[in-house]
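As structure tokens, the structure follows; a few thoughts come after it.
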Amino acid sequence: MAVVPASLSGQDVGSFAYLTIKDRIPQILTKVIDTLHRHKSEFFEKHGEEGVEAEKKAISLLSKLRNELQTDKPIIPLVEKFVDTDIWNQYLEYQQSLLNESDGKSRWFYSPWLFVECYMYRRIHEAIIQSPPIDYFDVFKESKEQNFYESQESVIALCTHLQQLIKTIEDLDENQLKDEFFKLLQISLWGNKCDLSLSGGESSSQKTDVLNSLEDLKPFILLNDMEHLWSLLSNCKKTREKVSVTRVYIVLDNSGFELVTDLILANFLLSSELATEVHFYGKTIPWFVSDTTIHDFNWLIEQVKHGNHKWMSKCGADWEEYVKMGKWVYHDHIFWTLPHEYCAMPQVAPDLYAELQKAHLILFKGDLNYRKLTGDRKWEFSVPFHQALNGFHPAPLCTIRTLKAEIQVGLKPGQGEQLMASEPCWWTSGKYGIFQYDGPL
Ligand SMILES: O=P(O)(O)OC[C@H]1O[C@](O)(CO)[C@@H](O)[C@@H]1O
Ligand SMILES: [Mn+2]
């Protein structure tokens with residue numbers, strides 16, 4: 001196996017990983033506990049005393065988790081029986097086997113950041129499923145919904161833009177169609193600024209007019225492989241008679257405003273015939289605060305459909321129709337909420353890898369997907385993306401991500417160092433974005 005660099009970890013005092021484990025994660029846990037408290041009367045109304053007891057149990061499990069984290073206790077196995085419990089516990093053992101110092105126990109600050117951060121969200125889920133009858137409760141639902149409501153104006157602007165565009169789409173020449181494609185790709189990129197995990201669960205909605213900001217934001221796109229996406233999909237369209245279908249897969253990230261931007265893009269892909277099917281991959285359990293589950297996906301389409309605006313509701317109705325007709329297909333798979341880097345997918349989830357191989361193009365949205373694609377490792381800035389993928393090449397793929405973790409590959413020699421000198425937070429603030437492609441050119 002190729003030599004890969006060490007993982008990012010909370011061991012590096014002062015690093016973004018360290019600060020996330022030390023400050024942001026406990027803050028998120030405190031918010032989760034508070035959310036449960038605030039729903040106490042709702043649990044009582046629904047389930048009587050049993051609901052209140054369940055709320056107390058979940059809170060005590062979560063308080064214990066917060067204490068383990070803050071005192072850097074060993075990472076303990078999961079106890080309840082869920083579909084992925086065994087895989088998680090095997091992974092815990094594997095992480096322990098990598099340790100050669102101390103007492104051989106994985107700890108929060110001494111283990112790979114990707115592993116412990118995923119583990120934290122999995123433990124939140126464990127606390128909830130151990131507390132029936134409130135074991136259905138999504139502790140992040142409220143904030144995801146709030147993010148959507150607060151972005152209303154931008155949602156209306158995007159839906160109106162899309163519907164006007166569709167009206168004249170057949171009159172557009174190649175270059176005009178390409179320009180429109182690029183615009184919607186960029187909107188989907190900047191939609192990724194709105195995740196709720198970076199802001200510690202605080203509101204991070206879209207309030208400015210993103211459509212009119214695209215030109216101003218262009219200098220912040222560090223890597224721009226949009227042309228490759230256009231060549232690939234427009235070629236598929238031209239040769240369609242032979243191939244008959246073009247499948248674009250979108251590995252989703254956040255619900256709320258970001259999901260709207262992804263659905264607008266997916267709608268455009270169908271309307272422009274750049275794709276004939278769009279497949280979406282979401283999370284099976286609440287994840288990294290704002291990530292999309294099937295409930296969020298359905299809820300959002302329903303909200304858009306019932307939106308108080310002509311073009312917004314038209315979008316929602318069309319989206320519902322695409323789902324019914326199978327032009328849009330939503331999938332979930334436990335692999336997306338495991339701690340593994342994506343190069344492990346062929347071994348850990350061969351069925352999913354085989355599915356991804358059917359794509360003509362896979363779009364990976366967001367920062368966490370980038371971390372998993374590159375293994376969340378300390379790669380040099382100029383290492384080629386293909387190399388950092390470490391053998392993960394199911395189909396042509398592109399990552400669409402704003403930078404929120406200390407990892408970036410594929411830069412020009414000296415580019416990363418220069419940014420580092422002028423703007424130390426360049427790779428964690430969400431201010432910069434990338435379209436990074438891997439596949440045949
Ligand atoms: O929603 P995204 O873009 O995957 O971002 C998730 C965020 O969570 C983090 O892991 C921090 O907690 C960062 O990597 C990133 O800011
Ligand atoms: Mn996310």
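Residue numbering restarts at 1 in every chain; chains get A, B, ... in the order shown in the structure tokens, and ligands count up from 1 in that same order.
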Residues within 10 Å of ligand 1, counting only C-alpha atoms and all ligand atoms, as a PyMOL selection string | chain A and resi 16-17+19-21+23-25+28+113-114+117-118+189+191-201+252-255+258+287-292+364-372+376+400-407+427-430
Leaving out Lys81 in chain A and any residue of its chain fewer than 6 positions from it, which residues lie within 10 Å of it when counting only C-alpha atoms, given as a list in words?
-> Glu126, Ile129 and Gln130 of chain A
Interatomic distance, CA of Ala349 in chain A to CA of Pro396 in chain A (Å, one decimal) = 18.9 Å
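Residue nearest Asp171 in chain A within the list A:Thr293, A:Ser272, A:Gln415, A:Ser422: A:Ser272 [criterion: smallest interatomic distance, only C-alpha atoms].
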Once DSSP has gone over the backbone, tell me which residues of range 201-393 of chain A are in helix (DSSP H, G or I), as an MDAnalysis selection string.
-> chainID A and resid 210:220 226:238 240:243 257:271 294:305 310:325 334:337 342:348 350:356 367:373 385:388
Could those selected residues go to a file with C-alpha atoms, as a tab-separated table (two decimals), in the first residue's frame?
```tsv
chain	number	residue	atom	x	y	z
A	210	VAL	CA	-26.03	34.98	-3.86
A	211	LEU	CA	-26.92	35.28	-7.57
A	212	ASN	CA	-25.65	38.84	-7.71
A	213	SER	CA	-22.57	38.08	-5.64
A	214	LEU	CA	-21.07	35.44	-7.94
A	215	GLU	CA	-18.70	37.80	-9.74
A	216	ASP	CA	-17.39	39.20	-6.44
A	217	LEU	CA	-16.86	35.68	-5.11
A	218	LYS	CA	-14.90	34.40	-8.13
A	219	PRO	CA	-11.47	35.39	-6.75
A	220	PHE	CA	-12.12	33.05	-3.82
A	226	MET	CA	-15.85	23.50	-13.90
A	227	GLU	CA	-14.75	23.24	-17.55
A	228	HIS	CA	-14.08	19.50	-17.10
A	229	LEU	CA	-17.59	18.98	-15.79
A	230	TRP	CA	-19.02	20.79	-18.79
A	231	SER	CA	-16.93	18.78	-21.29
A	232	LEU	CA	-17.88	15.55	-19.64
A	233	LEU	CA	-21.63	16.17	-19.47
A	234	SER	CA	-21.98	17.92	-22.81
A	235	ASN	CA	-20.16	14.99	-24.44
A	236	CYS	CA	-22.51	12.55	-22.74
A	237	LYS	CA	-25.42	14.57	-24.09
A	238	LYS	CA	-24.04	14.55	-27.65
A	240	ARG	CA	-26.65	10.05	-25.76
A	241	GLU	CA	-28.27	8.14	-28.62
A	242	LYS	CA	-25.68	5.47	-28.09
A	243	VAL	CA	-25.61	5.59	-24.29
A	257	PHE	CA	-30.25	26.52	2.00
A	258	GLU	CA	-27.42	24.34	0.68
A	259	LEU	CA	-29.85	21.56	-0.24
A	260	VAL	CA	-31.98	24.08	-2.15
A	261	THR	CA	-28.92	25.08	-4.22
A	262	ASP	CA	-28.21	21.40	-4.93
A	263	LEU	CA	-31.78	20.73	-6.02
A	264	ILE	CA	-31.77	23.82	-8.24
A	265	LEU	CA	-28.61	22.45	-9.88
A	266	ALA	CA	-30.15	18.98	-10.20
A	267	ASN	CA	-33.27	20.51	-11.78
A	268	PHE	CA	-31.09	22.37	-14.28
A	269	LEU	CA	-29.21	19.17	-15.13
A	270	LEU	CA	-32.48	17.54	-16.17
A	271	SER	CA	-33.94	20.60	-17.94
A	294	ILE	CA	-34.39	11.49	4.04
A	295	HIS	CA	-36.76	13.38	6.38
A	296	ASP	CA	-34.98	16.66	5.65
A	297	PHE	CA	-35.03	15.94	1.92
A	298	ASN	CA	-38.77	15.24	1.85
A	299	TRP	CA	-39.56	18.03	4.29
A	300	LEU	CA	-37.70	20.59	2.23
A	301	ILE	CA	-39.38	19.62	-1.05
A	302	GLU	CA	-42.74	19.84	0.71
A	303	GLN	CA	-41.90	23.30	2.10
A	304	VAL	CA	-40.79	24.58	-1.29
A	305	LYS	CA	-43.96	23.19	-2.84
A	310	LYS	CA	-45.45	31.19	-7.60
A	311	TRP	CA	-42.01	30.07	-8.80
A	312	MET	CA	-41.03	28.58	-5.52
A	313	SER	CA	-44.08	26.33	-5.41
A	314	LYS	CA	-43.59	25.45	-9.09
A	315	CYS	CA	-40.08	24.21	-8.21
A	316	GLY	CA	-41.41	22.17	-5.29
A	317	ALA	CA	-44.14	20.58	-7.44
A	318	ASP	CA	-41.62	19.72	-10.19
A	319	TRP	CA	-39.22	18.22	-7.66
A	320	GLU	CA	-41.92	16.04	-6.21
A	321	GLU	CA	-42.74	14.88	-9.73
A	322	TYR	CA	-39.08	14.06	-10.49
A	323	VAL	CA	-39.00	11.87	-7.40
A	324	LYS	CA	-42.25	10.14	-8.39
A	325	MET	CA	-41.01	9.53	-11.92
A	334	ILE	CA	-24.71	3.46	6.52
A	335	PHE	CA	-21.25	3.95	5.03
A	336	TRP	CA	-21.76	7.73	4.88
A	337	THR	CA	-22.02	7.86	8.67
A	342	TYR	CA	-13.47	6.75	1.23
A	343	CYS	CA	-10.53	4.69	-0.03
A	344	ALA	CA	-11.82	1.97	2.34
A	345	MET	CA	-15.22	1.85	0.60
A	346	PRO	CA	-14.46	-1.14	-1.68
A	347	GLN	CA	-13.72	-3.27	1.41
A	348	VAL	CA	-16.23	-1.81	3.89
A	350	PRO	CA	-18.55	-3.00	-1.75
A	351	ASP	CA	-22.24	-2.69	-2.69
A	352	LEU	CA	-22.07	1.10	-2.45
A	353	TYR	CA	-18.82	1.23	-4.40
A	354	ALA	CA	-20.40	-0.88	-7.15
A	355	GLU	CA	-23.37	1.52	-7.24
A	356	LEU	CA	-21.12	4.56	-7.54
A	367	ASP	CA	-16.07	19.86	3.65
A	368	LEU	CA	-16.59	16.57	5.45
A	369	ASN	CA	-16.76	14.72	2.12
A	370	TYR	CA	-13.44	16.31	1.18
A	371	ARG	CA	-11.90	15.20	4.44
A	372	LYS	CA	-13.06	11.64	3.82
A	373	LEU	CA	-11.96	11.67	0.18
A	385	PHE	CA	-5.77	15.12	-5.90
A	386	HIS	CA	-5.64	11.75	-7.68
A	387	GLN	CA	-2.88	10.63	-5.31
A	388	ALA	CA	-4.64	11.87	-2.17
```
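Distances to ligand 2 were evaluated for A:Phe182, A:Tyr330, A:Tyr121, A:Phe435 using only C-alpha atoms and all ligand atoms, and the minimum falls at A:Tyr121.
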One residue among A:Gln27, A:Asn390, A:Ser7, A:Thr284 is nearest to Arg122 in chain A when using only C-alpha atoms, and that residue is A:Thr284
Shell of 12 Å around His39 in chain A, only C-alpha atoms, local chain residues under 3 positions omitted, as a PyMOL selection string | chain A and resi 32-36+42-47+51-52+54-56+59+134+137-139+142
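Between CA of Gly433 in chain A and CA of Leu363 in chain A lies a distance of 14.3 Å.
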Could you pull out the residues in range 297-331 of chain A that DSSP calls strand (DSSP E) from the backbone, as a list in words?
-> Trp328, Val329, Tyr330 and His331 of chain A
Excluding Thr85 in chain A and residues on its chain fewer than 3 positions from it, collect all residues at most 12 Å away from it, counting only C-alpha atoms, and give them as a list of chain:residue names.
-> A:Pro77, A:Leu78, A:Val79, A:Glu80, A:Lys81, A:Phe82, A:Trp88, A:Asn89, A:Gln90, A:Tyr91, A:Leu92, A:Tyr119, A:Arg122, A:Arg123, A:His125, A:Glu126, A:Ile334, A:Phe335, A:Thr337, A:Leu338
Just the selected residues (N, CA, C and O atoms), exported as a PDB file, in the first residue's frame, please.
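Dumped everything to again.pdb:
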```pdb
ATOM      1  N   PRO A  77     -16.490   1.398  23.425  1.00  0.00           N
ATOM      2  CA  PRO A  77     -17.327   0.791  22.375  1.00  0.00           C
ATOM      3  C   PRO A  77     -18.792   1.224  22.479  1.00  0.00           C
ATOM      4  O   PRO A  77     -19.260   1.606  23.556  1.00  0.00           O
ATOM      5  N   LEU A  78     -19.490   1.121  21.373  1.00  0.00           N
ATOM      6  CA  LEU A  78     -20.925   1.386  21.369  1.00  0.00           C
ATOM      7  C   LEU A  78     -21.607   0.192  22.023  1.00  0.00           C
ATOM      8  O   LEU A  78     -21.126  -0.944  21.898  1.00  0.00           O
ATOM      9  N   VAL A  79     -22.723   0.428  22.700  1.00  0.00           N
ATOM     10  CA  VAL A  79     -23.350  -0.672  23.436  1.00  0.00           C
ATOM     11  C   VAL A  79     -24.659  -1.172  22.832  1.00  0.00           C
ATOM     12  O   VAL A  79     -24.982  -2.351  22.899  1.00  0.00           O
ATOM     13  N   GLU A  80     -25.419  -0.284  22.249  1.00  0.00           N
ATOM     14  CA  GLU A  80     -26.733  -0.711  21.743  1.00  0.00           C
ATOM     15  C   GLU A  80     -26.563  -1.458  20.407  1.00  0.00           C
ATOM     16  O   GLU A  80     -25.510  -1.415  19.783  1.00  0.00           O
ATOM     17  N   LYS A  81     -27.603  -2.163  19.993  1.00  0.00           N
ATOM     18  CA  LYS A  81     -27.512  -2.940  18.738  1.00  0.00           C
ATOM     19  C   LYS A  81     -28.210  -2.184  17.620  1.00  0.00           C
ATOM     20  O   LYS A  81     -29.427  -2.143  17.537  1.00  0.00           O
ATOM     21  N   PHE A  82     -27.426  -1.597  16.755  1.00  0.00           N
ATOM     22  CA  PHE A  82     -27.956  -0.887  15.601  1.00  0.00           C
ATOM     23  C   PHE A  82     -27.258  -1.502  14.385  1.00  0.00           C
ATOM     24  O   PHE A  82     -26.282  -2.242  14.545  1.00  0.00           O
ATOM     25  N   TRP A  88     -18.664  -0.266  13.706  1.00  0.00           N
ATOM     26  CA  TRP A  88     -18.053   0.789  14.521  1.00  0.00           C
ATOM     27  C   TRP A  88     -17.079   0.195  15.549  1.00  0.00           C
ATOM     28  O   TRP A  88     -15.962   0.679  15.706  1.00  0.00           O
ATOM     29  N   ASN A  89     -17.542  -0.836  16.245  1.00  0.00           N
ATOM     30  CA  ASN A  89     -16.696  -1.394  17.302  1.00  0.00           C
ATOM     31  C   ASN A  89     -15.436  -2.046  16.736  1.00  0.00           C
ATOM     32  O   ASN A  89     -14.363  -1.977  17.343  1.00  0.00           O
ATOM     33  N   GLN A  90     -15.577  -2.627  15.543  1.00  0.00           N
ATOM     34  CA  GLN A  90     -14.369  -3.170  14.887  1.00  0.00           C
ATOM     35  C   GLN A  90     -13.399  -2.036  14.552  1.00  0.00           C
ATOM     36  O   GLN A  90     -12.189  -2.169  14.680  1.00  0.00           O
ATOM     37  N   TYR A  91     -13.974  -0.919  14.122  1.00  0.00           N
ATOM     38  CA  TYR A  91     -13.122   0.224  13.757  1.00  0.00           C
ATOM     39  C   TYR A  91     -12.407   0.786  14.996  1.00  0.00           C
ATOM     40  O   TYR A  91     -11.244   1.177  14.939  1.00  0.00           O
ATOM     41  N   LEU A  92     -13.126   0.792  16.123  1.00  0.00           N
ATOM     42  CA  LEU A  92     -12.516   1.238  17.380  1.00  0.00           C
ATOM     43  C   LEU A  92     -11.307   0.364  17.715  1.00  0.00           C
ATOM     44  O   LEU A  92     -10.244   0.858  18.107  1.00  0.00           O
ATOM     45  N   TYR A 119     -17.372   9.818  15.655  1.00  0.00           N
ATOM     46  CA  TYR A 119     -17.773   9.038  16.837  1.00  0.00           C
ATOM     47  C   TYR A 119     -18.708   9.850  17.746  1.00  0.00           C
ATOM     48  O   TYR A 119     -19.701   9.341  18.264  1.00  0.00           O
ATOM     49  N   ARG A 122     -22.096   9.830  16.357  1.00  0.00           N
ATOM     50  CA  ARG A 122     -22.673   8.485  16.491  1.00  0.00           C
ATOM     51  C   ARG A 122     -23.101   8.239  17.934  1.00  0.00           C
ATOM     52  O   ARG A 122     -24.114   7.569  18.189  1.00  0.00           O
ATOM     53  N   ARG A 123     -22.333   8.768  18.895  1.00  0.00           N
ATOM     54  CA  ARG A 123     -22.723   8.620  20.311  1.00  0.00           C
ATOM     55  C   ARG A 123     -23.979   9.440  20.633  1.00  0.00           C
ATOM     56  O   ARG A 123     -24.782   9.048  21.475  1.00  0.00           O
ATOM     57  N   HIS A 125     -26.368   9.849  18.605  1.00  0.00           N
ATOM     58  CA  HIS A 125     -27.435   8.991  18.091  1.00  0.00           C
ATOM     59  C   HIS A 125     -27.689   7.827  19.051  1.00  0.00           C
ATOM     60  O   HIS A 125     -28.835   7.450  19.296  1.00  0.00           O
ATOM     61  N   GLU A 126     -26.612   7.292  19.610  1.00  0.00           N
ATOM     62  CA  GLU A 126     -26.769   6.185  20.559  1.00  0.00           C
ATOM     63  C   GLU A 126     -27.592   6.620  21.776  1.00  0.00           C
ATOM     64  O   GLU A 126     -28.484   5.894  22.230  1.00  0.00           O
ATOM     65  N   ILE A 334     -25.379   3.190   5.245  1.00  0.00           N
ATOM     66  CA  ILE A 334     -24.710   3.465   6.519  1.00  0.00           C
ATOM     67  C   ILE A 334     -23.257   3.910   6.342  1.00  0.00           C
ATOM     68  O   ILE A 334     -22.691   4.547   7.224  1.00  0.00           O
ATOM     69  N   PHE A 335     -22.664   3.588   5.207  1.00  0.00           N
ATOM     70  CA  PHE A 335     -21.252   3.948   5.029  1.00  0.00           C
ATOM     71  C   PHE A 335     -20.997   5.439   5.226  1.00  0.00           C
ATOM     72  O   PHE A 335     -19.961   5.837   5.741  1.00  0.00           O
ATOM     73  N   THR A 337     -22.142   7.437   7.275  1.00  0.00           N
ATOM     74  CA  THR A 337     -22.020   7.860   8.672  1.00  0.00           C
ATOM     75  C   THR A 337     -21.097   6.919   9.464  1.00  0.00           C
ATOM     76  O   THR A 337     -21.211   6.786  10.677  1.00  0.00           O
ATOM     77  N   LEU A 338     -20.185   6.304   8.746  1.00  0.00           N
ATOM     78  CA  LEU A 338     -19.103   5.556   9.410  1.00  0.00           C
ATOM     79  C   LEU A 338     -17.874   6.476   9.418  1.00  0.00           C
ATOM     80  O   LEU A 338     -17.838   7.466   8.695  1.00  0.00           O
TER      81      LEU A 338
END
```
Residues within 12 Å of Glu68 in chain A, only C-alpha atoms, excluding chain neighbours under 4 positions, as a PyMOL selection string | chain A and resi 21-22+26+29+61-64+72-76+107-109+116+120+123
Print the selection's residues with N, CA and C atoms to a file, as a short mmCIF file (atom, residue, chain, number, x, y, z; two decimals), in the first residue's frame.
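Result went into result.cif, see below:
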```cif
data_model
loop_
_atom_site.label_atom_id
_atom_site.label_comp_id
_atom_site.auth_asym_id
_atom_site.auth_seq_id
_atom_site.Cartn_x
_atom_site.Cartn_y
_atom_site.Cartn_z
N ILE A 21 -12.24 19.97 18.82
CA ILE A 21 -12.51 18.99 19.88
C ILE A 21 -12.65 19.71 21.23
N LYS A 22 -11.81 20.72 21.41
CA LYS A 22 -11.81 21.41 22.72
C LYS A 22 -13.04 22.31 22.88
N PRO A 26 -17.89 20.37 22.33
CA PRO A 26 -18.65 20.49 23.58
C PRO A 26 -19.80 21.50 23.48
N LEU A 29 -22.61 19.76 21.86
CA LEU A 29 -23.26 18.84 22.81
C LEU A 29 -24.15 19.60 23.79
N LEU A 61 -27.09 10.52 29.44
CA LEU A 61 -26.10 9.87 28.56
C LEU A 61 -25.25 10.91 27.82
N LEU A 62 -25.89 11.99 27.41
CA LEU A 62 -25.16 13.03 26.68
C LEU A 62 -24.22 13.82 27.61
N SER A 63 -24.64 14.01 28.87
CA SER A 63 -23.77 14.71 29.82
C SER A 63 -22.54 13.86 30.11
N LYS A 64 -22.76 12.55 30.18
CA LYS A 64 -21.64 11.63 30.40
C LYS A 64 -20.67 11.72 29.21
N ASP A 72 -10.81 13.92 28.31
CA ASP A 72 -10.01 13.08 27.41
C ASP A 72 -9.95 11.61 27.86
N LYS A 73 -11.12 11.07 28.16
CA LYS A 73 -11.24 9.66 28.58
C LYS A 73 -11.09 8.75 27.36
N PRO A 74 -10.84 7.46 27.58
CA PRO A 74 -10.75 6.54 26.44
C PRO A 74 -12.07 6.49 25.65
N ILE A 75 -11.92 6.26 24.36
CA ILE A 75 -13.09 6.08 23.49
C ILE A 75 -13.65 4.69 23.77
N ILE A 76 -14.92 4.63 24.17
CA ILE A 76 -15.48 3.32 24.56
C ILE A 76 -16.37 2.74 23.46
N ARG A 107 -7.94 7.97 22.63
CA ARG A 107 -8.49 9.10 23.38
C ARG A 107 -8.88 10.21 22.43
N TRP A 108 -9.75 11.07 22.93
CA TRP A 108 -10.33 12.11 22.09
C TRP A 108 -9.26 12.98 21.42
N PHE A 109 -8.31 13.44 22.21
CA PHE A 109 -7.33 14.38 21.66
C PHE A 109 -6.16 13.67 20.97
N VAL A 116 -12.76 10.74 15.78
CA VAL A 116 -13.44 11.14 17.02
C VAL A 116 -14.64 12.05 16.75
N MET A 120 -18.40 11.14 17.89
CA MET A 120 -19.23 11.99 18.74
C MET A 120 -20.68 12.02 18.23
N ARG A 123 -22.33 8.77 18.89
CA ARG A 123 -22.72 8.62 20.31
C ARG A 123 -23.98 9.44 20.63
#
```
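Minimum atom-to-atom distances from A:Leu165, A:Gln146, A:Pro286, A:Pro384 to ligand 2 were compared using only C-alpha atoms and all ligand atoms, and the lowest value belongs to A:Pro286.
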Counting only C-alpha atoms and all ligand atoms, closest pick from A:Leu223, A:His333, A:Asp179, A:Lys283 relative to ligand 2 is A:Lys283
